[in-house]
file input38.cif (mmCIF, C-alpha atoms (C1' of nucleotides))
data_coords
#
loop_
_atom_site.label_atom_id
_atom_site.label_comp_id
_atom_site.auth_asym_id
_atom_site.auth_seq_id
_atom_site.Cartn_x
_atom_site.Cartn_y
_atom_site.Cartn_z
CA MET A 264 -20.65 25.33 -5.35
CA ASP A 265 -22.14 25.05 -1.90
CA PRO A 266 -20.26 22.70 0.47
CA LYS A 267 -23.49 21.15 1.68
CA GLN A 268 -24.57 20.39 -1.85
CA ILE A 269 -21.19 18.86 -2.71
CA LEU A 270 -21.32 16.54 0.28
CA LYS A 271 -24.95 15.72 -0.42
CA GLU A 272 -24.28 14.67 -3.97
CA HIS A 273 -21.21 12.72 -2.91
CA VAL A 274 -23.19 10.76 -0.32
CA ALA A 275 -26.24 10.33 -2.55
CA LYS A 276 -24.23 8.27 -5.01
CA ILE A 277 -23.99 5.54 -2.38
CA ALA A 278 -26.54 5.97 0.37
CA ALA A 279 -30.23 6.82 0.16
CA LEU A 280 -30.72 9.38 2.91
CA THR A 281 -33.91 11.33 3.48
CA ASP A 282 -33.48 15.10 3.62
CA GLU A 283 -33.88 15.03 7.38
CA GLU A 284 -31.28 12.30 7.74
CA PHE A 285 -28.85 14.21 5.58
CA ASP A 286 -29.42 17.40 7.56
CA ASN A 287 -28.75 15.50 10.75
CA PHE A 288 -25.56 14.21 9.18
CA PHE A 289 -24.47 17.52 7.77
CA ASP A 290 -25.08 19.44 10.97
CA ARG A 291 -22.25 17.56 12.60
CA PHE A 292 -19.71 18.94 10.16
CA GLU A 293 -17.84 22.16 10.60
CA LEU A 294 -16.70 24.15 7.58
CA GLN A 295 -13.08 25.28 7.73
CA SER A 296 -10.97 27.34 5.35
CA PHE A 297 -7.22 27.04 5.10
CA LYS A 298 -4.48 28.82 3.23
CA LYS A 299 -1.87 27.03 1.16
CA GLY A 300 0.76 25.55 3.45
CA GLN A 301 -1.38 25.54 6.59
CA THR A 302 -1.27 22.49 8.81
CA ILE A 303 -4.39 20.48 9.59
CA ILE A 304 -2.90 17.52 11.46
CA THR A 305 0.54 17.56 13.07
CA ALA A 306 2.40 14.29 13.73
CA GLY A 307 2.47 13.61 17.47
CA ASP A 308 -0.85 15.28 18.21
CA LYS A 309 -4.08 13.57 19.08
CA VAL A 310 -6.42 13.19 16.10
CA ASN A 311 -10.10 13.88 16.58
CA HIS A 312 -11.43 14.62 13.11
CA GLU A 313 -11.56 13.49 9.56
CA TYR A 314 -11.79 16.00 6.73
CA PHE A 315 -13.92 16.04 3.61
CA VAL A 316 -12.34 18.19 0.93
CA VAL A 317 -14.70 20.70 -0.64
CA SER A 318 -12.15 22.61 -2.66
CA GLY A 319 -8.39 22.71 -3.02
CA CYS A 320 -5.91 19.95 -2.36
CA LEU A 321 -4.49 18.45 0.82
CA LYS A 322 -1.65 16.04 1.30
CA THR A 323 -1.27 13.26 3.84
CA PHE A 324 2.39 12.58 4.52
CA TYR A 325 4.89 10.82 6.69
CA ILE A 326 8.29 12.21 7.61
CA ASN A 327 11.06 9.78 8.44
CA ASP A 328 14.03 10.76 10.63
CA ASP A 329 12.97 14.41 10.19
CA ILE A 330 14.45 14.19 6.72
CA LYS A 331 12.52 12.33 4.11
CA MET A 332 8.89 12.88 3.33
CA TYR A 333 6.56 10.34 1.75
CA ILE A 334 3.12 11.31 0.55
CA LEU A 335 0.40 8.79 1.21
CA GLN A 336 -2.36 10.66 -0.50
CA PHE A 337 -3.25 13.82 -2.33
CA ALA A 338 -6.78 14.60 -1.24
CA MET A 339 -8.78 16.38 -3.93
CA PRO A 340 -12.40 17.58 -3.73
CA THR A 341 -14.81 14.89 -2.47
CA TRP A 342 -11.96 12.87 -0.96
CA TRP A 343 -11.46 12.34 2.73
CA ALA A 344 -8.26 12.85 4.67
CA SER A 345 -7.04 12.13 8.18
CA ASP A 346 -4.66 9.88 10.05
CA PHE A 347 -7.21 7.11 10.09
CA ASN A 348 -5.06 4.86 12.19
CA ALA A 349 -4.72 7.45 14.92
CA LEU A 350 -8.33 8.55 14.54
CA TYR A 351 -9.73 5.08 15.10
CA SER A 352 -7.23 3.77 17.63
CA GLY A 353 -6.82 6.89 19.74
CA ALA A 354 -3.06 6.83 19.18
CA LYS A 355 -1.04 9.98 18.43
CA ALA A 356 -0.77 10.96 14.79
CA THR A 357 2.12 9.45 12.91
CA VAL A 358 1.22 11.17 9.67
CA GLY A 359 0.53 14.82 9.04
CA VAL A 360 -2.05 16.53 6.85
CA ASP A 361 -1.59 19.96 5.34
CA CYS A 362 -2.71 22.15 2.47
CA VAL A 363 -1.06 21.98 -0.91
CA THR A 364 -3.33 24.80 -2.07
CA ASP A 365 -5.90 27.02 -0.39
CA ALA A 366 -8.62 24.67 0.68
CA GLU A 367 -12.08 24.38 2.16
CA VAL A 368 -12.91 21.31 4.17
CA LEU A 369 -15.79 19.92 6.17
CA ARG A 370 -14.54 18.34 9.32
CA LEU A 371 -16.31 15.62 11.29
CA SER A 372 -15.28 14.37 14.70
CA ASN A 373 -14.70 10.71 15.43
CA ALA A 374 -17.38 10.78 18.12
CA ASP A 375 -19.92 12.35 15.80
CA ARG A 376 -19.18 9.87 13.05
CA GLU A 377 -19.72 6.95 15.37
CA GLU A 378 -22.89 8.47 16.74
CA ILE A 379 -24.48 9.15 13.38
CA CYS A 380 -23.40 5.73 12.17
CA ARG A 381 -25.31 4.22 15.07
CA GLU A 382 -28.33 6.43 14.51
CA VAL A 383 -28.63 6.20 10.75
CA HIS A 384 -27.95 2.86 9.12
CA GLN A 385 -27.46 4.40 5.68
CA VAL A 386 -24.68 6.62 6.99
CA GLU A 387 -22.87 3.57 8.29
CA HIS A 388 -23.38 2.06 4.84
CA PHE A 389 -21.84 5.12 3.28
CA PHE A 390 -18.75 4.95 5.46
CA ARG A 391 -18.32 1.26 4.80
CA TRP A 392 -18.35 2.01 1.11
CA ARG A 393 -15.96 4.91 1.45
CA THR A 394 -13.44 2.92 3.46
CA ASN A 395 -13.71 0.05 1.06
CA LYS A 396 -12.86 2.35 -1.80
CA GLY A 397 -9.84 3.65 0.08
CA TYR A 398 -8.73 0.12 0.87
CA VAL A 399 -8.93 -1.00 -2.73
CA ALA A 400 -7.03 2.10 -3.89
CA SER A 401 -4.36 1.51 -1.29
CA GLN A 402 -3.89 -2.13 -2.36
CA LYS A 403 -3.64 -1.04 -5.97
CA ARG A 404 -0.99 1.49 -5.11
CA LEU A 405 0.96 -1.02 -3.04
CA LEU A 406 1.01 -3.35 -5.99
CA SER A 407 2.12 -0.59 -8.32
CA MET A 408 4.89 0.33 -5.91
CA MET A 409 6.19 -3.24 -5.92
CA ASN A 410 5.66 -3.97 -9.57
CA ASN A 411 6.28 -0.83 -11.60
CA ASP A 412 9.27 1.43 -12.04
CA VAL A 413 9.21 5.15 -11.34
CA LYS A 414 8.35 6.15 -14.89
CA HIS A 415 5.32 3.89 -14.95
CA ARG A 416 4.15 5.13 -11.56
CA TYR A 417 4.59 8.71 -12.66
CA GLU A 418 2.46 8.16 -15.73
CA GLU A 419 -0.19 6.45 -13.63
CA LEU A 420 -0.34 9.41 -11.28
CA MET A 421 -0.57 11.92 -14.11
CA ALA A 422 -3.34 9.90 -15.74
CA GLN A 423 -5.25 9.90 -12.48
CA TYR A 424 -4.68 13.55 -11.55
CA PRO A 425 -3.54 15.56 -14.59
CA GLU A 426 -4.24 18.79 -12.70
CA LEU A 427 -1.60 17.90 -10.12
CA TYR A 428 1.21 18.69 -12.54
CA ASN A 429 0.41 22.39 -12.37
CA ILE A 430 -0.64 22.88 -8.78
CA VAL A 431 1.99 21.02 -6.78
CA PRO A 432 5.79 21.32 -6.74
CA LYS A 433 7.58 18.45 -8.42
CA GLN A 434 9.25 17.44 -5.17
CA LEU A 435 5.86 16.54 -3.79
CA ILE A 436 5.18 14.38 -6.79
CA ALA A 437 8.52 12.69 -6.17
CA ALA A 438 7.55 12.19 -2.52
CA TYR A 439 4.33 10.54 -3.64
CA LEU A 440 6.12 8.27 -6.08
CA GLY A 441 8.71 7.32 -3.47
CA VAL A 442 11.61 8.59 -5.52
CA SER A 443 14.19 11.34 -5.17
CA ARG A 444 13.40 14.69 -6.76
CA GLU A 445 16.58 14.41 -8.82
CA THR A 446 15.51 11.14 -10.39
CA LEU A 447 12.08 12.53 -11.18
CA SER A 448 13.63 15.62 -12.73
CA ARG A 449 15.79 13.47 -15.00
CA LEU A 450 12.67 11.57 -16.00
CA TYR A 451 11.03 14.64 -17.51
CA ASN A 452 13.91 15.43 -19.81
CA SER A 453 13.83 12.20 -21.70
CA MET B 184 -12.35 -25.26 17.44
CA ASP B 185 -15.74 -24.98 15.80
CA PRO B 186 -15.81 -22.63 12.77
CA LYS B 187 -19.06 -21.07 13.92
CA GLN B 188 -17.59 -20.31 17.31
CA ILE B 189 -14.46 -18.81 15.79
CA LEU B 190 -16.48 -16.47 13.59
CA LYS B 191 -18.81 -15.64 16.46
CA GLU B 192 -15.98 -14.58 18.74
CA HIS B 193 -14.33 -12.64 15.94
CA VAL B 194 -17.51 -10.68 15.24
CA ALA B 195 -18.39 -10.23 18.90
CA LYS B 196 -15.26 -8.17 19.49
CA ILE B 197 -16.77 -5.45 17.31
CA ALA B 198 -20.49 -5.88 16.89
CA ALA B 199 -23.18 -6.72 19.43
CA LEU B 200 -25.34 -9.28 17.64
CA THR B 201 -28.15 -11.22 19.27
CA ASP B 202 -27.92 -14.99 18.88
CA GLU B 203 -30.66 -14.92 16.27
CA GLU B 204 -28.90 -12.19 14.33
CA PHE B 205 -25.66 -14.12 14.41
CA ASP B 206 -27.37 -17.29 13.27
CA ASN B 207 -28.94 -15.40 10.39
CA PHE B 208 -25.47 -14.10 9.53
CA PHE B 209 -23.73 -17.43 9.91
CA ASP B 210 -26.28 -19.36 7.85
CA ARG B 211 -25.16 -17.47 4.78
CA PHE B 212 -21.65 -18.87 5.01
CA GLU B 213 -20.52 -22.09 3.48
CA LEU B 214 -17.69 -24.08 5.04
CA GLN B 215 -15.04 -25.23 2.59
CA SER B 216 -11.90 -27.29 3.06
CA PHE B 217 -8.86 -27.00 0.82
CA LYS B 218 -5.57 -28.79 0.46
CA LYS B 219 -2.23 -27.03 0.34
CA GLY B 220 -1.72 -25.57 -3.11
CA GLN B 221 -5.37 -25.52 -4.12
CA THR B 222 -6.72 -22.46 -5.87
CA ILE B 223 -9.59 -20.45 -4.45
CA ILE B 224 -9.68 -17.49 -6.85
CA THR B 225 -8.09 -17.53 -10.29
CA ALA B 226 -7.10 -14.28 -12.01
CA GLY B 227 -9.46 -13.60 -14.90
CA ASP B 228 -12.48 -15.26 -13.33
CA LYS B 229 -15.49 -13.54 -11.90
CA VAL B 230 -15.35 -13.15 -8.12
CA ASN B 231 -18.47 -13.81 -6.11
CA HIS B 232 -17.25 -14.55 -2.59
CA GLU B 233 -15.04 -13.44 0.20
CA TYR B 234 -13.39 -15.94 2.51
CA PHE B 235 -12.99 -15.97 6.27
CA VAL B 236 -10.05 -18.14 7.28
CA VAL B 237 -10.86 -20.64 10.02
CA SER B 238 -7.60 -22.57 9.92
CA GLY B 239 -4.49 -22.69 7.75
CA CYS B 240 -3.02 -19.94 5.63
CA LEU B 241 -4.00 -18.42 2.29
CA LYS B 242 -2.13 -16.01 0.09
CA THR B 243 -3.48 -13.24 -2.09
CA PHE B 244 -1.13 -12.57 -4.98
CA TYR B 245 -0.62 -10.81 -8.25
CA ILE B 246 1.37 -12.21 -11.14
CA ASN B 247 2.94 -9.81 -13.58
CA ASP B 248 3.77 -10.78 -17.17
CA ASP B 249 3.23 -14.42 -16.15
CA ILE B 250 6.61 -14.23 -14.48
CA LYS B 251 6.84 -12.38 -11.23
CA MET B 252 4.57 -12.89 -8.29
CA TYR B 253 3.84 -10.36 -5.60
CA ILE B 254 2.00 -11.30 -2.45
CA LEU B 255 -0.49 -8.78 -1.19
CA GLN B 256 -1.49 -10.64 1.94
CA PHE B 257 -0.99 -13.80 3.89
CA ALA B 258 -4.40 -14.59 5.34
CA MET B 259 -4.18 -16.35 8.68
CA PRO B 260 -7.08 -17.51 10.88
CA THR B 261 -9.72 -14.82 11.46
CA TRP B 262 -8.52 -12.83 8.47
CA TRP B 263 -10.54 -12.29 5.35
CA ALA B 264 -9.35 -12.80 1.80
CA SER B 265 -10.69 -12.09 -1.67
CA ASP B 266 -10.08 -9.85 -4.65
CA PHE B 267 -12.05 -7.07 -3.03
CA ASN B 268 -11.78 -4.81 -6.02
CA ALA B 269 -13.28 -7.43 -8.33
CA LEU B 270 -15.79 -8.51 -5.70
CA TYR B 271 -17.22 -5.03 -5.23
CA SER B 272 -16.95 -3.73 -8.76
CA GLY B 273 -18.00 -6.86 -10.62
CA ALA B 274 -14.78 -6.81 -12.64
CA LYS B 275 -12.77 -9.95 -13.38
CA ALA B 276 -10.20 -10.94 -10.79
CA THR B 277 -6.75 -9.43 -11.22
CA VAL B 278 -5.36 -11.15 -8.17
CA GLY B 279 -5.49 -14.80 -7.22
CA VAL B 280 -6.04 -16.51 -3.89
CA ASP B 281 -4.72 -19.95 -3.02
CA CYS B 282 -3.72 -22.12 -0.12
CA VAL B 283 -0.27 -21.97 1.40
CA THR B 284 -1.26 -24.80 3.75
CA ASP B 285 -4.31 -27.01 4.13
CA ALA B 286 -7.08 -24.64 5.07
CA GLU B 287 -10.67 -24.33 6.18
CA VAL B 288 -12.59 -21.24 5.18
CA LEU B 289 -16.08 -19.86 5.53
CA ARG B 290 -17.18 -18.28 2.30
CA LEU B 291 -19.78 -15.55 1.95
CA SER B 292 -21.20 -14.30 -1.32
CA ASN B 293 -21.23 -10.65 -2.26
CA ALA B 294 -25.02 -10.70 -2.58
CA ASP B 295 -25.46 -12.27 0.85
CA ARG B 296 -23.09 -9.79 2.46
CA GLU B 297 -25.01 -6.87 1.03
CA GLU B 298 -28.32 -8.38 2.02
CA ILE B 299 -27.36 -9.06 5.61
CA CYS B 300 -25.75 -5.64 5.85
CA ARG B 301 -29.08 -4.12 4.85
CA GLU B 302 -31.03 -6.32 7.25
CA VAL B 303 -28.81 -6.09 10.32
CA HIS B 304 -27.24 -2.76 11.11
CA GLN B 305 -24.64 -4.32 13.41
CA VAL B 306 -23.37 -6.53 10.62
CA GLU B 307 -22.81 -3.48 8.46
CA HIS B 308 -20.98 -1.97 11.40
CA PHE B 309 -18.80 -5.04 11.63
CA PHE B 310 -17.86 -4.88 7.97
CA ARG B 311 -17.09 -1.18 8.19
CA TRP B 312 -14.73 -1.93 11.02
CA ARG B 313 -13.10 -4.86 9.21
CA THR B 314 -12.51 -2.88 6.05
CA ASN B 315 -11.14 -0.01 8.04
CA LYS B 316 -8.65 -2.31 9.68
CA GLY B 317 -7.56 -3.61 6.31
CA TYR B 318 -7.22 -0.09 4.98
CA VAL B 319 -5.04 1.03 7.86
CA ALA B 320 -2.85 -2.08 7.52
CA SER B 321 -2.49 -1.49 3.80
CA GLN B 322 -1.44 2.13 4.31
CA LYS B 323 1.09 1.06 6.89
CA ARG B 324 2.56 -1.48 4.52
CA LEU B 325 2.71 1.02 1.68
CA LEU B 326 4.67 3.35 3.91
CA SER B 327 7.00 0.57 4.96
CA MET B 328 7.56 -0.35 1.33
CA MET B 329 8.55 3.23 0.51
CA ASN B 330 10.52 3.96 3.63
CA ASN B 331 12.30 0.80 4.76
CA ASP B 332 14.86 -1.46 3.17
CA VAL B 333 14.35 -5.18 2.69
CA LYS B 334 15.98 -6.18 5.96
CA HIS B 335 13.73 -3.92 7.95
CA ARG B 336 10.64 -5.14 6.13
CA TYR B 337 11.69 -8.74 6.69
CA GLU B 338 12.04 -8.18 10.41
CA GLU B 339 8.66 -6.47 10.51
CA LEU B 340 7.01 -9.42 8.82
CA MET B 341 8.66 -11.92 11.14
CA ALA B 342 7.61 -9.91 14.16
CA GLN B 343 4.03 -9.91 12.91
CA TYR B 344 3.86 -13.56 11.84
CA PRO B 345 6.70 -15.58 13.42
CA GLU B 346 4.95 -18.82 12.43
CA LEU B 347 5.28 -17.91 8.75
CA TYR B 348 8.98 -18.71 8.80
CA ASN B 349 8.27 -22.41 9.18
CA ILE B 350 5.14 -22.89 7.12
CA VAL B 351 5.86 -21.03 3.89
CA PRO B 352 8.74 -21.35 1.40
CA LYS B 353 11.18 -18.48 1.53
CA GLN B 354 10.36 -17.50 -2.05
CA LEU B 355 6.89 -16.56 -0.90
CA ILE B 356 8.31 -14.42 1.84
CA ALA B 357 10.46 -12.73 -0.79
CA ALA B 358 7.36 -12.21 -2.95
CA TYR B 359 5.64 -10.56 -0.02
CA LEU B 360 8.57 -8.28 0.67
CA GLY B 361 8.88 -7.34 -2.98
CA VAL B 362 12.42 -8.61 -3.29
CA SER B 363 14.16 -11.39 -5.23
CA ARG B 364 14.55 -14.74 -3.48
CA GLU B 365 18.31 -14.48 -3.97
CA THR B 366 18.53 -11.20 -2.09
CA LEU B 367 16.42 -12.58 0.73
CA SER B 368 18.60 -15.67 0.92
CA ARG B 369 21.71 -13.52 1.26
CA LEU B 370 19.99 -11.61 4.02
CA TYR B 371 19.72 -14.66 6.25
CA ASN B 372 23.41 -15.49 6.12
CA SER B 373 24.59 -12.24 7.63
"C1'" DC C 149 9.60 45.23 -8.76
"C1'" DC C 150 13.25 43.61 -5.81
"C1'" DT C 151 15.20 40.19 -2.96
"C1'" DG C 152 15.72 36.09 -0.32
"C1'" DA C 153 13.85 31.57 -0.19
"C1'" DA C 154 12.20 27.68 -2.35
"C1'" DA C 155 12.16 24.68 -6.29
"C1'" DT C 156 14.42 22.66 -10.16
"C1'" DG C 157 18.24 20.91 -13.34
"C1'" DT C 158 22.44 18.38 -14.03
"C1'" DG C 159 26.89 16.03 -13.43
"C1'" DA C 160 29.66 12.55 -10.78
"C1'" DT C 161 29.67 8.84 -7.90
"C1'" DC C 162 27.78 5.17 -5.00
"C1'" DT C 163 24.81 1.26 -3.54
"C1'" DA C 164 21.04 -1.87 -2.82
"C1'" DC C 165 19.03 -4.99 -5.18
"C1'" DA C 166 18.07 -7.57 -9.73
"C1'" DT C 167 19.37 -10.93 -12.90
"C1'" DC C 168 21.66 -14.95 -14.67
"C1'" DA C 169 23.83 -19.27 -13.93
"C1'" DC C 170 24.56 -23.31 -11.69
"C1'" DA C 171 25.30 -26.17 -7.51
"C1'" DA C 172 23.39 -28.11 -3.21
"C1'" DA C 173 19.73 -29.38 -0.37
"C1'" DT C 174 15.08 -30.34 0.69
"C1'" DT C 175 10.58 -32.14 -0.21
"C1'" DA C 176 6.91 -34.70 -2.42
"C1'" DC C 177 5.28 -38.80 -4.01
"C1'" DC C 178 5.25 -43.32 -6.82
"C1'" DG D 300 13.15 -45.26 0.28
"C1'" DG D 301 14.57 -43.69 -4.15
"C1'" DT D 302 14.00 -40.40 -7.76
"C1'" DA D 303 12.22 -36.20 -9.77
"C1'" DA D 304 10.68 -31.76 -8.78
"C1'" DT D 305 10.92 -27.93 -6.05
"C1'" DT D 306 13.40 -24.91 -3.12
"C1'" DT D 307 17.51 -22.73 -1.52
"C1'" DG D 308 22.48 -20.97 -1.60
"C1'" DT D 309 26.08 -18.44 -3.77
"C1'" DG D 310 29.13 -16.20 -7.15
"C1'" DA D 311 29.57 -12.75 -11.01
"C1'" DT D 312 27.79 -8.95 -13.16
"C1'" DG D 313 24.32 -5.33 -14.41
"C1'" DT D 314 21.30 -1.32 -13.37
"C1'" DA D 315 17.76 1.80 -11.45
"C1'" DG D 316 17.74 5.01 -8.56
"C1'" DA D 317 20.08 7.44 -4.27
"C1'" DT D 318 23.12 10.82 -2.74
"C1'" DC D 319 26.07 14.83 -2.85
"C1'" DA D 320 27.32 19.14 -4.80
"C1'" DC D 321 26.41 23.17 -6.96
"C1'" DA D 322 24.29 26.09 -10.62
"C1'" DT D 323 19.98 28.07 -12.26
"C1'" DT D 324 15.31 29.23 -12.26
"C1'" DT D 325 10.94 30.39 -10.16
"C1'" DC D 326 8.19 32.26 -6.69
"C1'" DA D 327 6.35 34.76 -2.65
"C1'" DG D 328 6.22 38.61 0.20
"C1'" DG D 329 7.73 43.29 1.64
#

call {"tool": "encode", "arguments": {"input": "input38.cif", "output": "structure tokens"}}
result
Amino acid sequence: MDPKQILKEHVAKIAALTDEEFDNFFDRFELQSFKKGQTIITAGDKVNHEYFVVSGCLKTFYINDDIKMYILQFAMPTWWASDFNALYSGAKATVGVDCVTDAEVLRLSNADREEICREVHQVEHFFRWRTNKGYVASQKRLLSMMNNDVKHRYEELMAQYPELYNIVPKQLIAAYLGVSRETLSRLYNS
Amino acid sequence: MDPKQILKEHVAKIAALTDEEFDNFFDRFELQSFKKGQTIITAGDKVNHEYFVVSGCLKTFYINDDIKMYILQFAMPTWWASDFNALYSGAKATVGVDCVTDAEVLRLSNADREEICREVHQVEHFFRWRTNKGYVASQKRLLSMMNNDVKHRYEELMAQYPELYNIVPKQLIAAYLGVSRETLSRLYNS
DNA sequence: CCTGAAATGTGATCTACATCACAAATTACC
DNA sequence: GGTAATTTGTGATGTAGATCACATTTCAGG
């Protein structure tokens, strides 16, 4: 399906934009295509954009001591990815974003987002909603991380994204769950 | 200091409201005073308000199996607390909010927030910013939970809220860190 | 379709933290 | 200010999951 249409339907669920308003919004995005494994945001760089996933799957991750990777988010179609901390504060990226599969994204600059938010009230409304949804999801995950064991968390993830099982290596699933790949492997065979 | 003034200065950092706009905003809040230990939101109830802390300290917590408590947030002055998931979705509360110390809060209903967000663009802007800040903080904490051991997390918390050490029982600090009170106790004496 | 690299499985061992149990200290309140 | 309730300290023991090591399988690219 057409990227513009996907974004339009995504936004329409929340914000009532006229066609002209949506066109104004959409014109600020740039369509980009990436191959599996390509990097979108590199830790240490300045972050200027956020990315709306049209197709494929991205991951947002943190690497500690150049050794261990933790995945903050798998971004599937109609989700948004970036280092939001860096994007909003102007700091250098501490998390990276890259492509788990081939992917198409619509990217929007920080400056353009702020401008359109000022110009069109309903766009600001949309972004408030979107961030709120992310916040609630993040709190839920934090709670699950504190409260549930690996098996439980694994089943939660699979319930939420069944398709993930086939498209991403198991190590990445382990990195999302915050567990070693060995432990996750042992979990399957039982 | 005057609750109205505290909220005004908090909002002014982000959103440029005229005095009339701010008054319109403020008039929707209701000032409430609570004693240490009093309950603000009970798990299972319907949630209709969010709470801006003027003085004192609240905690947002989840209790699992009626046994273990996990603290999602200590809400200090100028922070906001609620079960945001329940508040936005209309679901019953899954987390509770109560008072760690005597506290004064300004409460705002969900309906009033949405109404004033529609009426005054800058208020919507303010709430987008606030939620974004919460989202970023939540992501950071999630990462810390996955990446750092208890000692590290304890030191982080103390760096962020040194005053907490004196005003809350150590068990609550343990519940925030996601660790048993015994382990936390052993941490001190070393 | 072959070959090196990446991903996965599996055993042995180690460790941070949980849990249980009870004693000591602190705090709230009649 | 004395007594009960709550909070904290500390030992003994249990366990989920980490780490290391190496074998096996799968996959991607020439």

call {"tool": "residues_around", "arguments": {"input": "input38.cif", "residues": "DA154 of chain C", "least_positions_apart": "4", "cutoff": "12 Å", "atoms": "only C-alpha atoms (C1' of nucleotides)", "output": "list in words"}}
result
Pro432, Lys433 and Gln434 of chain A; DT324, DT325, DC326 and DA327 of chain D

call {"tool": "resolve_selection", "arguments": {"input": "input38.cif", "expression": "the PyMOL selection byres ((chain A and resi 423-425) around 12)", "output": "VMD selection string"}}
result
chain A and resid 320 336 to 340 400 404 416 to 422 426 to 431 436

call {"tool": "resolve_selection", "arguments": {"input": "input38.cif", "expression": "the PyMOL selection byres ((chain D) within 9 of (chain A))", "output": "PyMOL selection string"}}
result
chain D and resi 315-317

call {"tool": "write_last_selection", "arguments": {"input": "input38.cif", "atoms": "C-alpha atoms (C1' of nucleotides)", "output": "PDB file, keeping the file's coordinate frame"}}
result
ATOM      1  C1'  DA D 315      17.760   1.800 -11.450  1.00  0.00           C
ATOM      2  C1'  DG D 316      17.740   5.010  -8.560  1.00  0.00           C
ATOM      3  C1'  DA D 317      20.080   7.440  -4.270  1.00  0.00           C
TER       4       DA D 317
END

call {"tool": "atom_distance", "arguments": {"input": "input38.cif", "atom1": "atom CA of Asp282 of chain A", "atom2": "atom CA of Trp312 of chain B"}}
result
26.4 Å

call {"tool": "residues_around", "arguments": {"input": "input38.cif", "residues": "segment 300-305 of chain D", "least_positions_apart": "6", "cutoff": "12 Å", "atoms": "all atoms listed in the file", "output": "ChimeraX atom specification"}}
result
/B:352,354 /C:173-178

call {"tool": "resolve_selection", "arguments": {"input": "input38.cif", "expression": "the PyMOL selection byres ((chain C) within 9 of (chain B))", "output": "number ranges by chain"}}
result
C: 164-166

call {"tool": "interface_residues", "arguments": {"input": "input38.cif", "of": "chain A", "to": "chain B", "cutoff": "7 Å", "atoms": "only C-alpha atoms", "output": "list in words"}}
result
Phe347, Asn348, His384, Glu387, His388, Phe390, Arg391, Thr394, Asn395, Gly397, Tyr398, Val399, Ser401, Gln402, Leu405, Met409 and Gly441 of chain A

call {"tool": "atom_distance", "arguments": {"input": "input38.cif", "atom1": "atom CA of Thr323 of chain A", "atom2": "atom CA of Lys299 of chain A"}}
result
14.0 Å

call {"tool": "axis_aligned_box", "arguments": {"input": "input38.cif", "around": "segment 154-172 of chain C", "padding_each_side": "5 Å", "output": "lines of an AutoDock Vina configuration file"}}
result
center_x = 20.9
center_y = -0.2
center_z = -8.5
size_x = 27.5
size_y = 65.8
size_z = 22.3

call {"tool": "closest_residue", "arguments": {"input": "input38.cif", "among": "B:Lys191, B:Phe208, B:His335, B:Phe235", "to": "Arg296 of chain B", "atoms": "all atoms listed in the file"}}
result
B:Phe208

call {"tool": "atom_distance", "arguments": {"input": "input38.cif", "atom1": "atom CA of Leu270 of chain A", "atom2": "atom CA of Phe297 of chain A"}}
result
18.2 Å

call {"tool": "residues_around", "arguments": {"input": "input38.cif", "residues": "Lys267 of chain A", "least_positions_apart": "5", "cutoff": "12 Å", "atoms": "only C-alpha atoms (C1' of nucleotides)", "output": "list of chain:residue names"}}
result
A:Glu272, A:His273, A:Val274, A:Ala275, A:Asp282, A:Phe285, A:Asp286, A:Asn287, A:Phe288, A:Phe289, A:Asp290, A:Arg291, A:Phe292, A:Glu293, A:Leu294, A:Phe315, A:Val316, A:Val317, A:Thr341, A:Glu367, A:Val368, A:Leu369

call {"tool": "write_last_selection", "arguments": {"input": "input38.cif", "atoms": "C-alpha atoms", "output": "mmCIF file, in the frame of the given file"}}
result
data_model
loop_
_atom_site.group_PDB
_atom_site.id
_atom_site.type_symbol
_atom_site.label_atom_id
_atom_site.label_comp_id
_atom_site.auth_asym_id
_atom_site.auth_seq_id
_atom_site.Cartn_x
_atom_site.Cartn_y
_atom_site.Cartn_z
ATOM 1 C CA GLU A 272 -24.280 14.670 -3.970
ATOM 2 C CA HIS A 273 -21.210 12.720 -2.910
ATOM 3 C CA VAL A 274 -23.190 10.760 -0.320
ATOM 4 C CA ALA A 275 -26.240 10.330 -2.550
ATOM 5 C CA ASP A 282 -33.480 15.100 3.620
ATOM 6 C CA PHE A 285 -28.850 14.210 5.580
ATOM 7 C CA ASP A 286 -29.420 17.400 7.560
ATOM 8 C CA ASN A 287 -28.750 15.500 10.750
ATOM 9 C CA PHE A 288 -25.560 14.210 9.180
ATOM 10 C CA PHE A 289 -24.470 17.520 7.770
ATOM 11 C CA ASP A 290 -25.080 19.440 10.970
ATOM 12 C CA ARG A 291 -22.250 17.560 12.600
ATOM 13 C CA PHE A 292 -19.710 18.940 10.160
ATOM 14 C CA GLU A 293 -17.840 22.160 10.600
ATOM 15 C CA LEU A 294 -16.700 24.150 7.580
ATOM 16 C CA PHE A 315 -13.920 16.040 3.610
ATOM 17 C CA VAL A 316 -12.340 18.190 0.930
ATOM 18 C CA VAL A 317 -14.700 20.700 -0.640
ATOM 19 C CA THR A 341 -14.810 14.890 -2.470
ATOM 20 C CA GLU A 367 -12.080 24.380 2.160
ATOM 21 C CA VAL A 368 -12.910 21.310 4.170
ATOM 22 C CA LEU A 369 -15.790 19.920 6.170
#

call {"tool": "residues_around", "arguments": {"input": "input38.cif", "residues": "Gly227 of chain B", "least_positions_apart": "3", "cutoff": "12 Å", "atoms": "only C-alpha atoms (C1' of nucleotides)", "output": "list in words"}}
result
Ile224, Val230, Tyr245, Ile246, Asp266, Ala269, Gly273, Ala274, Lys275, Ala276, Thr277, Val278, Gly279 and Val280 of chain B
